Each structure stands twice: as structure tokens, then as C-alpha cells.
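Here is the file run_26.tsv (TSV, C-alpha atoms).
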```
chain	number	residue	atom	x	y	z
A	1147	MET	CA	0.00	0.00	0.00
A	1148	THR	CA	1.40	3.44	-0.92
A	1149	ARG	CA	1.48	6.34	1.49
A	1150	ASN	CA	0.01	9.69	0.61
A	1151	ALA	CA	2.14	12.83	0.43
A	1152	ALA	CA	1.43	13.81	4.04
A	1153	GLU	CA	2.82	10.46	5.21
A	1154	GLN	CA	6.03	10.62	3.21
A	1155	PRO	CA	9.22	11.00	5.28
A	1156	PRO	CA	10.93	14.40	5.03
A	1157	ALA	CA	13.43	14.73	2.22
A	1158	SER	CA	17.05	14.48	3.29
A	1159	PRO	CA	19.49	17.27	2.41
A	1160	GLN	CA	20.78	16.94	-1.12
A	1161	THR	CA	23.99	14.95	-1.28
A	1162	PRO	CA	26.82	16.83	-2.99
A	1163	SER	CA	27.70	15.49	-6.41
A	1164	ARG	CA	31.05	13.76	-6.86
A	1165	ARG	CA	32.29	16.89	-8.67
A	1166	GLU	CA	31.25	19.07	-5.72
A	1167	GLN	CA	32.90	16.67	-3.28
A	1168	ILE	CA	36.15	16.88	-5.24
A	1169	LEU	CA	36.06	20.68	-5.30
A	1170	GLY	CA	35.33	20.81	-1.58
A	1171	ALA	CA	38.22	18.49	-0.76
A	1172	ALA	CA	40.54	20.38	-3.09
A	1173	ALA	CA	39.59	23.70	-1.48
A	1174	GLU	CA	40.44	22.39	1.99
A	1175	LEU	CA	43.79	21.03	0.80
A	1176	PHE	CA	44.68	24.16	-1.20
A	1177	ALA	CA	43.81	26.32	1.83
A	1178	ARG	CA	46.03	24.23	4.09
A	1179	TYR	CA	49.02	23.56	1.86
A	1180	GLY	CA	48.73	25.99	-1.05
A	1181	PHE	CA	47.80	25.18	-4.64
A	1182	HIS	CA	51.35	24.18	-5.58
A	1183	GLY	CA	51.74	22.07	-2.44
A	1184	VAL	CA	48.92	19.68	-3.35
A	1185	GLY	CA	49.02	16.96	-5.98
A	1186	ILE	CA	46.27	15.16	-7.83
A	1187	ASP	CA	46.91	12.03	-5.75
A	1188	ASP	CA	46.37	14.04	-2.54
A	1189	ILE	CA	42.98	15.23	-3.76
A	1190	GLY	CA	42.02	11.75	-4.90
A	1191	ALA	CA	42.94	10.28	-1.52
A	1192	ALA	CA	40.76	12.88	0.22
A	1193	VAL	CA	37.68	11.71	-1.68
A	1194	GLY	CA	38.56	8.03	-1.76
A	1195	VAL	CA	39.55	7.60	-5.39
A	1196	SER	CA	42.83	7.31	-7.25
A	1197	GLY	CA	44.38	10.51	-8.53
A	1198	PRO	CA	43.99	9.56	-12.21
A	1199	ALA	CA	40.27	8.89	-11.64
A	1200	LEU	CA	39.83	12.62	-11.02
A	1201	TYR	CA	40.50	13.26	-14.68
A	1202	ARG	CA	37.05	11.90	-15.43
A	1203	HIS	CA	35.71	15.02	-13.70
A	1204	PHE	CA	38.40	17.67	-14.32
A	1205	ARG	CA	40.96	17.83	-17.08
A	1206	SER	CA	43.65	19.17	-14.71
A	1207	LYS	CA	44.36	20.64	-11.30
A	1208	ASP	CA	44.33	24.07	-12.97
A	1209	ALA	CA	40.78	23.38	-14.14
A	1210	MET	CA	39.74	22.57	-10.55
A	1211	LEU	CA	41.13	25.86	-9.29
A	1212	GLY	CA	39.49	27.74	-12.14
A	1213	GLU	CA	36.05	26.27	-11.50
A	1214	MET	CA	36.48	26.77	-7.75
A	1215	LEU	CA	37.29	30.49	-7.93
A	1216	THR	CA	35.01	31.43	-10.81
A	1217	GLY	CA	32.25	29.53	-9.03
A	1218	ILE	CA	32.51	31.51	-5.80
A	1219	SER	CA	32.76	34.78	-7.73
A	1220	GLU	CA	29.61	33.95	-9.70
A	1221	LYS	CA	27.82	32.96	-6.49
A	1222	LEU	CA	28.70	36.24	-4.78
A	1223	LEU	CA	27.61	38.37	-7.73
A	1224	ARG	CA	24.38	36.43	-8.18
A	1225	GLY	CA	23.61	36.64	-4.47
A	1226	GLY	CA	24.42	40.33	-4.30
A	1227	ARG	CA	22.18	41.18	-7.22
A	1228	ALA	CA	19.35	39.10	-5.81
A	1229	ARG	CA	19.50	40.84	-2.45
A	1230	THR	CA	19.50	44.35	-3.86
A	1231	ALA	CA	16.66	43.46	-6.24
A	1232	SER	CA	14.50	42.06	-3.45
A	1233	THR	CA	13.90	45.41	-1.73
A	1234	ALA	CA	13.20	48.96	-2.85
A	1235	ASN	CA	14.74	50.34	0.35
A	1236	PRO	CA	18.43	51.16	-0.28
A	1237	ALA	CA	19.36	50.97	3.40
A	1238	GLU	CA	17.82	47.51	3.67
A	1239	ALA	CA	19.60	46.48	0.48
A	1240	LEU	CA	22.98	47.61	1.83
A	1241	GLU	CA	22.48	45.78	5.10
A	1242	SER	CA	21.38	42.69	3.19
A	1243	LEU	CA	24.63	42.83	1.20
A	1244	VAL	CA	26.62	43.03	4.43
A	1245	ARG	CA	24.78	40.07	5.96
A	1246	TRP	CA	25.13	38.07	2.73
A	1247	HIS	CA	28.90	38.52	2.58
A	1248	ILE	CA	29.33	37.76	6.27
A	1249	GLU	CA	27.32	34.56	5.90
A	1250	PHE	CA	29.40	33.58	2.88
A	1251	ALA	CA	32.71	34.33	4.61
A	1252	LEU	CA	31.89	32.42	7.78
A	1253	THR	CA	30.82	29.30	5.87
A	1254	ASN	CA	33.50	29.32	3.16
A	1255	SER	CA	36.76	30.09	4.93
A	1256	ALA	CA	38.78	27.62	2.85
A	1257	LEU	CA	37.57	29.16	-0.41
A	1258	ILE	CA	38.43	32.66	0.81
A	1259	THR	CA	41.91	31.52	1.79
A	1260	VAL	CA	42.47	29.93	-1.61
A	1261	HIS	CA	41.17	33.02	-3.38
A	1262	LEU	CA	43.41	35.40	-1.43
A	1263	ARG	CA	46.53	33.28	-1.80
A	1264	ASP	CA	46.22	31.42	-5.10
A	1265	LEU	CA	44.44	33.82	-7.45
A	1266	ASP	CA	47.66	34.33	-9.40
A	1267	SER	CA	47.88	30.57	-10.00
A	1268	LEU	CA	44.81	30.70	-12.27
A	1269	THR	CA	45.20	30.49	-16.01
A	1270	GLU	CA	44.94	33.88	-17.69
A	1271	PRO	CA	41.38	33.34	-19.01
A	1272	ASP	CA	40.14	32.20	-15.59
A	1273	ARG	CA	41.91	35.04	-13.82
A	1274	HIS	CA	40.33	37.54	-16.23
A	1275	ARG	CA	36.89	36.03	-15.62
A	1276	VAL	CA	37.27	36.15	-11.83
A	1277	ARG	CA	38.41	39.78	-11.96
A	1278	GLU	CA	35.47	40.66	-14.16
A	1279	LEU	CA	33.01	39.03	-11.76
A	1280	GLN	CA	34.67	40.72	-8.78
A	1281	ARG	CA	34.35	44.13	-10.41
A	1282	GLY	CA	30.67	43.46	-11.00
A	1283	TYR	CA	30.15	42.48	-7.36
A	1284	VAL	CA	31.95	45.56	-6.08
A	1285	GLU	CA	29.82	47.75	-8.34
A	1286	VAL	CA	26.66	46.31	-6.78
A	1287	TRP	CA	27.96	47.48	-3.40
A	1288	VAL	CA	29.16	50.86	-4.66
A	1289	ARG	CA	25.87	51.75	-6.35
A	1290	THR	CA	23.90	50.69	-3.30
A	1291	LEU	CA	26.15	52.64	-0.92
A	1292	LEU	CA	25.93	55.78	-3.08
A	1293	THR	CA	22.15	55.56	-2.98
A	1294	VAL	CA	22.22	55.35	0.83
A	1295	ARG	CA	24.92	58.01	1.19
A	1296	PRO	CA	24.65	60.36	-1.80
A	1297	GLU	CA	27.11	62.81	-0.21
A	1298	LEU	CA	29.95	60.38	-0.96
A	1299	ASP	CA	31.93	60.63	-4.16
A	1300	GLU	CA	32.39	57.45	-6.18
A	1301	ASP	CA	36.04	56.93	-5.26
A	1302	THR	CA	35.23	57.11	-1.55
A	1303	ALA	CA	32.31	54.71	-1.94
A	1304	ARG	CA	34.53	52.26	-3.82
A	1305	ALA	CA	37.33	52.54	-1.25
A	1306	SER	CA	34.81	51.98	1.56
A	1307	THR	CA	33.44	48.91	-0.20
A	1308	HIS	CA	36.89	47.37	-0.64
A	1309	ALA	CA	37.72	48.10	3.00
A	1310	VAL	CA	34.57	46.40	4.27
A	1311	LEU	CA	35.00	43.38	2.01
A	1312	GLY	CA	38.60	43.10	3.21
A	1313	LEU	CA	37.40	43.23	6.82
A	1314	ILE	CA	34.85	40.48	6.30
A	1315	ASN	CA	37.24	38.37	4.21
A	1316	SER	CA	39.75	38.38	7.07
A	1317	THR	CA	37.62	35.82	8.93
A	1318	PRO	CA	39.79	32.79	8.04
A	1319	TYR	CA	42.51	34.48	10.11
A	1320	SER	CA	40.51	36.49	12.65
A	1321	ALA	CA	37.53	34.31	13.61
A	1322	ARG	CA	38.13	33.32	17.23
A	1323	LEU	CA	34.53	33.52	18.38
A	1324	ASP	CA	31.53	31.30	17.85
A	1325	THR	CA	29.75	31.89	14.54
A	1326	GLY	CA	26.84	33.90	15.91
A	1327	THR	CA	29.04	36.22	17.97
A	1328	MET	CA	31.52	36.69	15.12
A	1329	SER	CA	28.71	37.43	12.69
A	1330	ALA	CA	27.27	40.11	14.99
A	1331	LEU	CA	30.71	41.66	15.51
A	1332	LEU	CA	31.45	41.80	11.78
A	1333	HIS	CA	28.00	43.25	11.13
A	1334	ARG	CA	28.53	46.10	13.61
A	1335	MET	CA	32.01	46.83	12.30
A	1336	ALA	CA	30.98	46.74	8.63
A	1337	MET	CA	27.96	48.98	9.08
A	1338	GLY	CA	30.06	51.41	11.11
A	1339	ALA	CA	32.75	51.48	8.42
A	1340	LEU	CA	30.11	52.24	5.82
A	1341	GLY	CA	28.83	55.10	7.96
A	1342	THR	CA	25.37	53.62	8.42
A	1343	GLU	CA	23.40	52.43	11.41
A	1344	PRO	CA	22.52	48.73	11.72
A	1345	ARG	CA	18.78	48.14	11.56
A	1346	PRO	CA	17.25	46.55	14.69
A	1347	ARG	CA	16.31	42.89	14.27
```
For this file, write the structure as C-alpha cells.
Amino acid sequence: MTRNAAEQPPASPQTPSRREQILGAAAELFARYGFHGVGIDDIGAAVGVSGPALYRHFRSKDAMLGEMLTGISEKLLRGGRARTASTANPAEALESLVRWHIEFALTNSALITVHLRDLDSLTEPDRHRVRELQRGYVEVWVRTLLTVRPELDEDTARASTHAVLGLINSTPYSARLDTGTMSALLHRMAMGALGTEPRPR
């Protein structure tokens, strides 16, 4: 006898694909040892396959790094645009950007470490793509900040944006508190650096 929909067990969280598992393992290893300090066999061992078997998923270690860093850059830009589009209130949009980047930084410390340290190890096309996506993400912040604080000139708004992103991206090295406390601290510091007041929650 079949059960109706109300009787079905809750769906389990989606299992990462093998490709995602490989990228996750590679990110942790690159963050710990550096891109050039990790071999294909090391990544294979971390996911329980032989090194050569990884070539069924990625053509090279360079391709892994490229997909890893373009992927996070695309995710940030997509998330930033979605959050500013979801509200007509510029102050809410700016605070949503801050919370979005804090959430990303606190849950992706390995990826941030790899990005900060190994960006120059990308192939030229991948490096160009990442830079292009980063510029787009920064512009989302700059335009939102200028709407909230129209007295700022564009250079100051851009410098403020880079400073705040640098602050939040320091979490792989500075996070010594539990996630909730660190998130609240970063939020207060970021909003203060942008010259805006945090909205009560």
C-alpha cells in the first residue's frame, strides 16, 4: 500500500555530487598547503579515489582551481544582485549585502583563503573572468552605498566597499569567536565602516 504525500518522510538534504565533493576536498587542501603544495593524488585520496580517476571530472588541477574560484565569484555576484533586487529600500539592500557577505565568509573560509593566496595561479582566461566578476560584485555594493549616502563621491564609496569586504574576508585568520558572535561583531564593524546604522532585528 502506498502512502500519501502527508505520510512521506521528510526529504534528506541533497547529497553533494562527486564533482562538488572533489572541489570541496581540493579547497580544503589548497587552503592548508597551497595550490602548488597539493598533488592530484592528494585530492584523490581525500575523496577516496585514485588521482587519475579525477581526470574523469576535471581535465587538470588548474581546471579545478578555475572552477572553484570562478564559481565563488559567480555565487557572490548572483547573491548580491538578488538581495538588492528584493527590496526597494536602499538601506535595507545595503544591510542585506553586508549580511550576505558575512554569511558567505563564515561558511567558506577555505575558499576565501584559496582566493586570497592562489588567485595568481589561475590560467589567464580564468583570472580575467574572476576579476570581471569581482568588479561586477563591487559595483553592486558601490551603487547601493551611493544611494544610501549620496554625499559620498564614487572613489570614496569604492574605497569603503573594498575596506569592508577586506574586513569580512579576514575571517579565516581572525575568527576566534563562535559563529553567531563573530557574525554580529562583523556586522557592527561593517555597518560602522560604511557610515550607516545597523537596523534593529
Original post:
Which one of A:Leu1313, A:Leu1323, A:Ala1234, A:Leu1292 sits closest to A:Ala1336 if you count only C-alpha atoms?
Top reply: A:Leu1313
Original post:
At what distance in Å, to one decimal, does atom CA of A:Lys1221 lie from atom CA of A:Ile1258?
Top reply: 12.9 Å
Subject >> Who sits within 7 Å of A:Lys1207, all atoms listed in the file, same chain under 3 positions skipped, as a PyMOL selection string >> reply: chain A and resi 1186+1210-1211
Original post:
From the list A:Ser1196, A:Ser1267, A:Asn1235, A:Gln1280, which residue is nearest A:Leu1311 when using only C-alpha atoms?
Top reply: A:Gln1280
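Comparing A:Gly1217, A:Phe1176, A:Tyr1201, A:Ser1242 by their smallest distance to A:Leu1279, the closest is A:Gly1217 (using all atoms listed in the file).
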Original post:
Closest to A:Arg1281 among A:Ser1320, A:Ser1219, A:Thr1269, A:Ser1255, using only C-alpha atoms?
Top reply: A:Ser1219
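Using only C-alpha atoms, the nearest neighbour of A:Ala1231 within the list A:Gly1197, A:Val1244, A:Thr1290, A:Tyr1179 is A:Thr1290.
Among A:Trp1287, A:Ile1248, A:Val1276, A:Asp1299, the residue with the shortest atom-to-atom distance to A:Met1335, counting only C-alpha atoms, is A:Ile1248.
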**OP:** Figure out the distance between atom CA of A:Thr1317 and atom CA of A:Leu1331, please, to one decimal in Å.
**Re:** 11.2 Å
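Taking atom CA of A:Asp1272 as the reference point, atom CA of A:Gly1212 is found at 5.7 Å.
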**OP:** Just the residues within 12 Å of A:His1308, please, counting all atoms listed in the file, with nothing from its chain fewer than 6 positions along; format it as a PyMOL selection string.
**Re:** chain A and resi 1280-1281+1283-1288+1291+1301-1302+1314-1315+1336+1339-1340
Original post:
Got a sec to check which residues sit within 12 Å of (36.9, 26.2, 6.1), counting all atoms listed in the file, and write them as a ChimeraX atom specification?
Top reply: /A:1170-1178,1250-1260,1317-1319,1321
Dump C-alpha atoms for the selected residues as a compact mmCIF listing (two decimals), in the coordinates of the input?
```txt
# COMPACT_ATOMS: atom_id res chain seq x y z
CA GLY A 1170 35.33 20.81 -1.58
CA ALA A 1171 38.22 18.49 -0.76
CA ALA A 1172 40.54 20.38 -3.09
CA ALA A 1173 39.59 23.70 -1.48
CA GLU A 1174 40.44 22.39 1.99
CA LEU A 1175 43.79 21.03 0.80
CA PHE A 1176 44.68 24.16 -1.20
CA ALA A 1177 43.81 26.32 1.83
CA ARG A 1178 46.03 24.23 4.09
CA PHE A 1250 29.40 33.58 2.88
CA ALA A 1251 32.71 34.33 4.61
CA LEU A 1252 31.89 32.42 7.78
CA THR A 1253 30.82 29.30 5.87
CA ASN A 1254 33.50 29.32 3.16
CA SER A 1255 36.76 30.09 4.93
CA ALA A 1256 38.78 27.62 2.85
CA LEU A 1257 37.57 29.16 -0.41
CA ILE A 1258 38.43 32.66 0.81
CA THR A 1259 41.91 31.52 1.79
CA VAL A 1260 42.47 29.93 -1.61
CA THR A 1317 37.62 35.82 8.93
CA PRO A 1318 39.79 32.79 8.04
CA TYR A 1319 42.51 34.48 10.11
CA ALA A 1321 37.53 34.31 13.61
```
**OP:** For stretch 1160-1164 of chain A, work out the shell of residues within 10 Å, counting all atoms listed in the file and skipping chain neighbours fewer than 4 positions away, then give it as a ChimeraX atom specification.
**Re:** /A:1168-1170,1193,1200,1203
Would you output stretch 1306-1324 of chain A from that structure, restricted to N, CA, C and O atoms, as a PDB file, in the first residue's frame?
```pdb
ATOM      1  N   SER A1306      35.530  52.500   0.387  1.00  0.00           N
ATOM      2  CA  SER A1306      34.808  51.984   1.557  1.00  0.00           C
ATOM      3  C   SER A1306      34.365  50.548   1.332  1.00  0.00           C
ATOM      4  O   SER A1306      34.461  49.702   2.229  1.00  0.00           O
ATOM      5  N   THR A1307      33.879  50.273   0.133  1.00  0.00           N
ATOM      6  CA  THR A1307      33.443  48.912  -0.202  1.00  0.00           C
ATOM      7  C   THR A1307      34.592  47.928  -0.099  1.00  0.00           C
ATOM      8  O   THR A1307      34.480  46.856   0.523  1.00  0.00           O
ATOM      9  N   HIS A1308      35.733  48.265  -0.702  1.00  0.00           N
ATOM     10  CA  HIS A1308      36.887  47.368  -0.644  1.00  0.00           C
ATOM     11  C   HIS A1308      37.354  47.158   0.797  1.00  0.00           C
ATOM     12  O   HIS A1308      37.745  46.041   1.174  1.00  0.00           O
ATOM     13  N   ALA A1309      37.296  48.228   1.606  1.00  0.00           N
ATOM     14  CA  ALA A1309      37.725  48.103   3.000  1.00  0.00           C
ATOM     15  C   ALA A1309      36.813  47.148   3.770  1.00  0.00           C
ATOM     16  O   ALA A1309      37.285  46.309   4.553  1.00  0.00           O
ATOM     17  N   VAL A1310      35.518  47.261   3.557  1.00  0.00           N
ATOM     18  CA  VAL A1310      34.569  46.402   4.270  1.00  0.00           C
ATOM     19  C   VAL A1310      34.687  44.955   3.801  1.00  0.00           C
ATOM     20  O   VAL A1310      34.668  44.020   4.625  1.00  0.00           O
ATOM     21  N   LEU A1311      34.825  44.749   2.504  1.00  0.00           N
ATOM     22  CA  LEU A1311      34.998  43.379   2.011  1.00  0.00           C
ATOM     23  C   LEU A1311      36.289  42.773   2.557  1.00  0.00           C
ATOM     24  O   LEU A1311      36.334  41.585   2.895  1.00  0.00           O
ATOM     25  N   GLY A1312      37.345  43.589   2.635  1.00  0.00           N
ATOM     26  CA  GLY A1312      38.595  43.100   3.212  1.00  0.00           C
ATOM     27  C   GLY A1312      38.433  42.719   4.676  1.00  0.00           C
ATOM     28  O   GLY A1312      38.972  41.702   5.129  1.00  0.00           O
ATOM     29  N   LEU A1313      37.680  43.536   5.408  1.00  0.00           N
ATOM     30  CA  LEU A1313      37.401  43.230   6.816  1.00  0.00           C
ATOM     31  C   LEU A1313      36.692  41.886   6.949  1.00  0.00           C
ATOM     32  O   LEU A1313      37.110  41.018   7.732  1.00  0.00           O
ATOM     33  N   ILE A1314      35.636  41.712   6.188  1.00  0.00           N
ATOM     34  CA  ILE A1314      34.855  40.481   6.302  1.00  0.00           C
ATOM     35  C   ILE A1314      35.661  39.278   5.819  1.00  0.00           C
ATOM     36  O   ILE A1314      35.600  38.186   6.403  1.00  0.00           O
ATOM     37  N   ASN A1315      36.451  39.477   4.758  1.00  0.00           N
ATOM     38  CA  ASN A1315      37.240  38.366   4.212  1.00  0.00           C
ATOM     39  C   ASN A1315      38.421  37.975   5.095  1.00  0.00           C
ATOM     40  O   ASN A1315      39.106  36.989   4.797  1.00  0.00           O
ATOM     41  N   SER A1316      38.652  38.730   6.160  1.00  0.00           N
ATOM     42  CA  SER A1316      39.746  38.376   7.074  1.00  0.00           C
ATOM     43  C   SER A1316      39.348  37.248   8.023  1.00  0.00           C
ATOM     44  O   SER A1316      40.174  36.782   8.808  1.00  0.00           O
ATOM     45  N   THR A1317      38.105  36.800   7.949  1.00  0.00           N
ATOM     46  CA  THR A1317      37.616  35.817   8.929  1.00  0.00           C
ATOM     47  C   THR A1317      38.409  34.513   8.983  1.00  0.00           C
ATOM     48  O   THR A1317      38.489  33.913  10.058  1.00  0.00           O
ATOM     49  N   PRO A1318      39.002  34.015   7.876  1.00  0.00           N
ATOM     50  CA  PRO A1318      39.793  32.790   8.044  1.00  0.00           C
ATOM     51  C   PRO A1318      40.950  32.964   9.023  1.00  0.00           C
ATOM     52  O   PRO A1318      41.450  31.990   9.575  1.00  0.00           O
ATOM     53  N   TYR A1319      41.377  34.204   9.237  1.00  0.00           N
ATOM     54  CA  TYR A1319      42.513  34.479  10.112  1.00  0.00           C
ATOM     55  C   TYR A1319      42.089  35.104  11.438  1.00  0.00           C
ATOM     56  O   TYR A1319      42.818  35.030  12.425  1.00  0.00           O
ATOM     57  N   SER A1320      40.904  35.731  11.460  1.00  0.00           N
ATOM     58  CA  SER A1320      40.513  36.492  12.651  1.00  0.00           C
ATOM     59  C   SER A1320      39.400  35.856  13.466  1.00  0.00           C
ATOM     60  O   SER A1320      39.166  36.264  14.603  1.00  0.00           O
ATOM     61  N   ALA A1321      38.686  34.881  12.911  1.00  0.00           N
ATOM     62  CA  ALA A1321      37.526  34.312  13.614  1.00  0.00           C
ATOM     63  C   ALA A1321      37.988  33.480  14.812  1.00  0.00           C
ATOM     64  O   ALA A1321      38.526  32.395  14.646  1.00  0.00           O
ATOM     65  N   ARG A1322      37.778  34.021  15.997  1.00  0.00           N
ATOM     66  CA  ARG A1322      38.134  33.317  17.230  1.00  0.00           C
ATOM     67  C   ARG A1322      36.914  33.144  18.125  1.00  0.00           C
ATOM     68  O   ARG A1322      37.027  32.679  19.254  1.00  0.00           O
ATOM     69  N   LEU A1323      35.758  33.562  17.616  1.00  0.00           N
ATOM     70  CA  LEU A1323      34.527  33.515  18.383  1.00  0.00           C
ATOM     71  C   LEU A1323      33.578  32.507  17.757  1.00  0.00           C
ATOM     72  O   LEU A1323      33.804  32.055  16.628  1.00  0.00           O
ATOM     73  N   ASP A1324      32.514  32.159  18.469  1.00  0.00           N
ATOM     74  CA  ASP A1324      31.526  31.300  17.846  1.00  0.00           C
ATOM     75  C   ASP A1324      30.876  32.053  16.685  1.00  0.00           C
ATOM     76  O   ASP A1324      30.941  33.292  16.597  1.00  0.00           O
TER      77      ASP A1324
END
```
